[in-house]
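Novice: Could you have a look at this structure, given as structure tokens, before my questions?
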Amino acid sequence: MLDLRLLEPCSLQSSLAACADPQVLGAAPPTFKLPAVADLDGFQKAAVQMVKPAKGTTTLAFVFKHGVIVAADSRASMGNYISSQTVKKILEINRYLLGTMAGGAADCQFWQRNLGTRCRLHELANKRRISVAGASKLLANTLYSYRGMGLSMGTMIAGWDESGPGLYYVDSEGGRVEGKCFSVGSGSTYAYGVLDTGFRFDMTVDEAVELARRAIYHATFRDGASGGVASVYYVGPQGFKKMSGDDVGELHYKYYPVPEATVEAEMEDVTTS
Amino acid sequence: MARYDRAITVFSPDGHLFQVEYALEAVRKGNAAVGVRGIDTIVLGVEKKSTAKLQDARTVRKILKLDDHISLAFAGLTADARVLVNRARVECQSHRLTVEDPVTVEYITRFIAGLQQKFTQSGGVRPFGISTLIVGFDPYTKAPSLYQTDPSGTFSAWKANATGRNSNSVREFLEKNYTETSGMETVKLAVRALLEVVESGGKNIEIAVQTFDEGLRLLEEAEVEEIVAGIEAEKAAAEAAKKGPPRDT
């Protein structure tokens, strides 16, 4: 059991006071305690790993002519252990606003639920729905106020408001960016490859859903931290609608069916010999 | 500090908040202000007290901009208005910052009224001695709105309203003569209403026009004189028509 008391920083006051002490001034510069372990680097790496969860996931969202598509996988991993294959990574904030989950699951769930509450209060106070820009800004401001305290979230806020489709990326560093296409998580690079190749602004809804599904599938194929079920949502003027939820294993054989002939031929060889 | 805990606004045995009512008295002593909502134009008019010779008239403003699309006129204590308007201006920008949207007229009215109410239920403070007329256009629907708040913190929307000195007479006039107007007709209606209680002349009236495209525009003294002259002429013509042709003896 690691003794983490050694990681407690010396209080700033005491070290400043020590500096001001005329006896100390001119003596050795202020020091901090090092952990009493043999392998300092390894210890530091382990500590960072523990505190900062990797965003092992693939989520994506893009804006096209008819609205916004949001898609995600459903795998949760704790290091090499797959803790769940059925995590709901697309969170329904309200009928026309969706959020995605990447990073700390609890952080995403709690703060997006909180966002839903604040959006509802805005509606009640102002007799009109909050815009996607406004909702994402509320979340970003909340996260900024917790900056440096260990929240881990890389979330996309997608929705439809009076000015049409909206998509924002908000993260736990306090950043907020508007965009037409985002992918977040360890599998995002693979998803981007498929997305950027197949994207056309004037796709039909079905084409867009299929593109998103493929992008998630390819990401789960190559990225170990992504897998499970590929969920695809569509957000239009009427609000959001879940379009599909397919097991990526089944999707693999759908996209790349194993030709039956070869197998049967092998079996025939065996029986006749 | 304990000394500032004592509430100034407390209920009387028969349910009145006297401080609020006294504040309304202060409003009644203030210069008249009128607001008229048209289809595409909203007009604010205030009675201008004659400025002293050495005073710079430009610094005595009773019609104030809260944001590009919202303006406010008030009757009552000018200093109180300044404080309230500053808070409202900050809130307009804060709203733009947090939700990336300009405020609606209703929102900022609710904010100002909420602030006025807070000062009737806090320790060591007195209510604001002003009633405000808040006008503006909804940034998305472009619908014009006119709201009034008072020292108690209540607010409501109006088609046309007046506050300050002789506001009852002005309101009566508006009730009798209000129709849906647009453009210059709305301005004339506001001026005619003000002239009921203010001495005639461009020097004594300040008019501001709020449109969706141009925002707030303060009319020049010359323009106001022209409108007033036009109204006087119409009045004279109406009088003459009533009297009939001169009788021959």
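Labels used: A, B, ... for chains in the order of the structure tokens, numbers from 1 for residues in each chain, and numbers from 1 for ligands as shown.
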DSSP on the backbone, helix (DSSP H, G or I) only: what residues of region 47-199 of chain B does that give? Format it as a ChimeraX atom specification.

Specialist: /B:57-59,78-99,105-118,167-177,184-195

Novice: Which residues of chain B come within 9 Å of chain A, and for each one, what is the closest pair of atoms and their distance in Å to one decimal, counting only C-alpha atoms, sorted by chain and residue number, as CSV?

Specialist:
```
residue,atom,partner,partner_atom,distance
B:Leu97,CA,A:Lys137,CA,8.6
B:Thr98,CA,A:Lys137,CA,6.1
B:Val99,CA,A:Gly134,CA,3.7
B:Glu100,CA,A:Gly134,CA,5.7
B:Asp101,CA,A:Gly134,CA,7.5
B:Thr104,CA,A:Asn126,CA,8.3
B:Glu106,CA,A:Asn126,CA,8.0
B:Tyr107,CA,A:Asn126,CA,6.7
B:Tyr140,CA,A:Glu162,CA,8.7
```

Novice: So which residues touch region 176-188 of chain A within 6 Å, counting only C-alpha atoms, skipping near sequence neighbours fewer than 6 positions away, as a list in words?

Specialist: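 Here the answer would be Lys55, Gly56, Thr57, Thr58, Thr59, Leu60, Ala61, Phe62, Val63, Leu167, Tyr168, Tyr169, Val170, Ala219 and Asp223 of chain A.
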
Novice: Mind giving me the straight-line distance from CA of Glu225 (chain B) to CA of Val46 (chain B) in Å, one decimal?

Specialist: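 Value for the CA of Glu225 (chain B)-CA of Val46 (chain B) distance: 14.4 Å.
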
Novice: Using DSSP on the backbone coordinates, identify all residues within region 58-246 of chain A classified as strand (DSSP E or B); present the result as an MDAnalysis selection string.

Specialist: chainID A and resid 59:64 67:72 76:78 81:84 90:94 97:100 103 153:161 164:171 176:178 181:184 229:236 239:246

Novice: By how many Å are CA of Ile70 (chain B) and CA of Ile134 (chain B) apart?

Specialist: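 For CA of Ile70 (chain B) relative to CA of Ile134 (chain B), the distance reads 7.2 Å.
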
Novice: Pick from A:Ala46, A:Ile157, A:Gly239, A:Ser231: nearest to Gly79 (chain A), with only C-alpha atoms counted?

Specialist: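 Among the listed residues, the smallest separation from Gly79 (chain A) belongs to A:Ala46.
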
Novice: What lies within 12 Å of Thr141 (chain B) using only C-alpha atoms, ignoring chain neighbours under 2 positions off, as a list in words?

Specialist: Arg128 and Glu162 of chain A; Asp40, Thr104, Val105, Gly136, Phe137, Asp138, Pro139, Ala143, Pro144, Ser145 and Phe212 of chain B
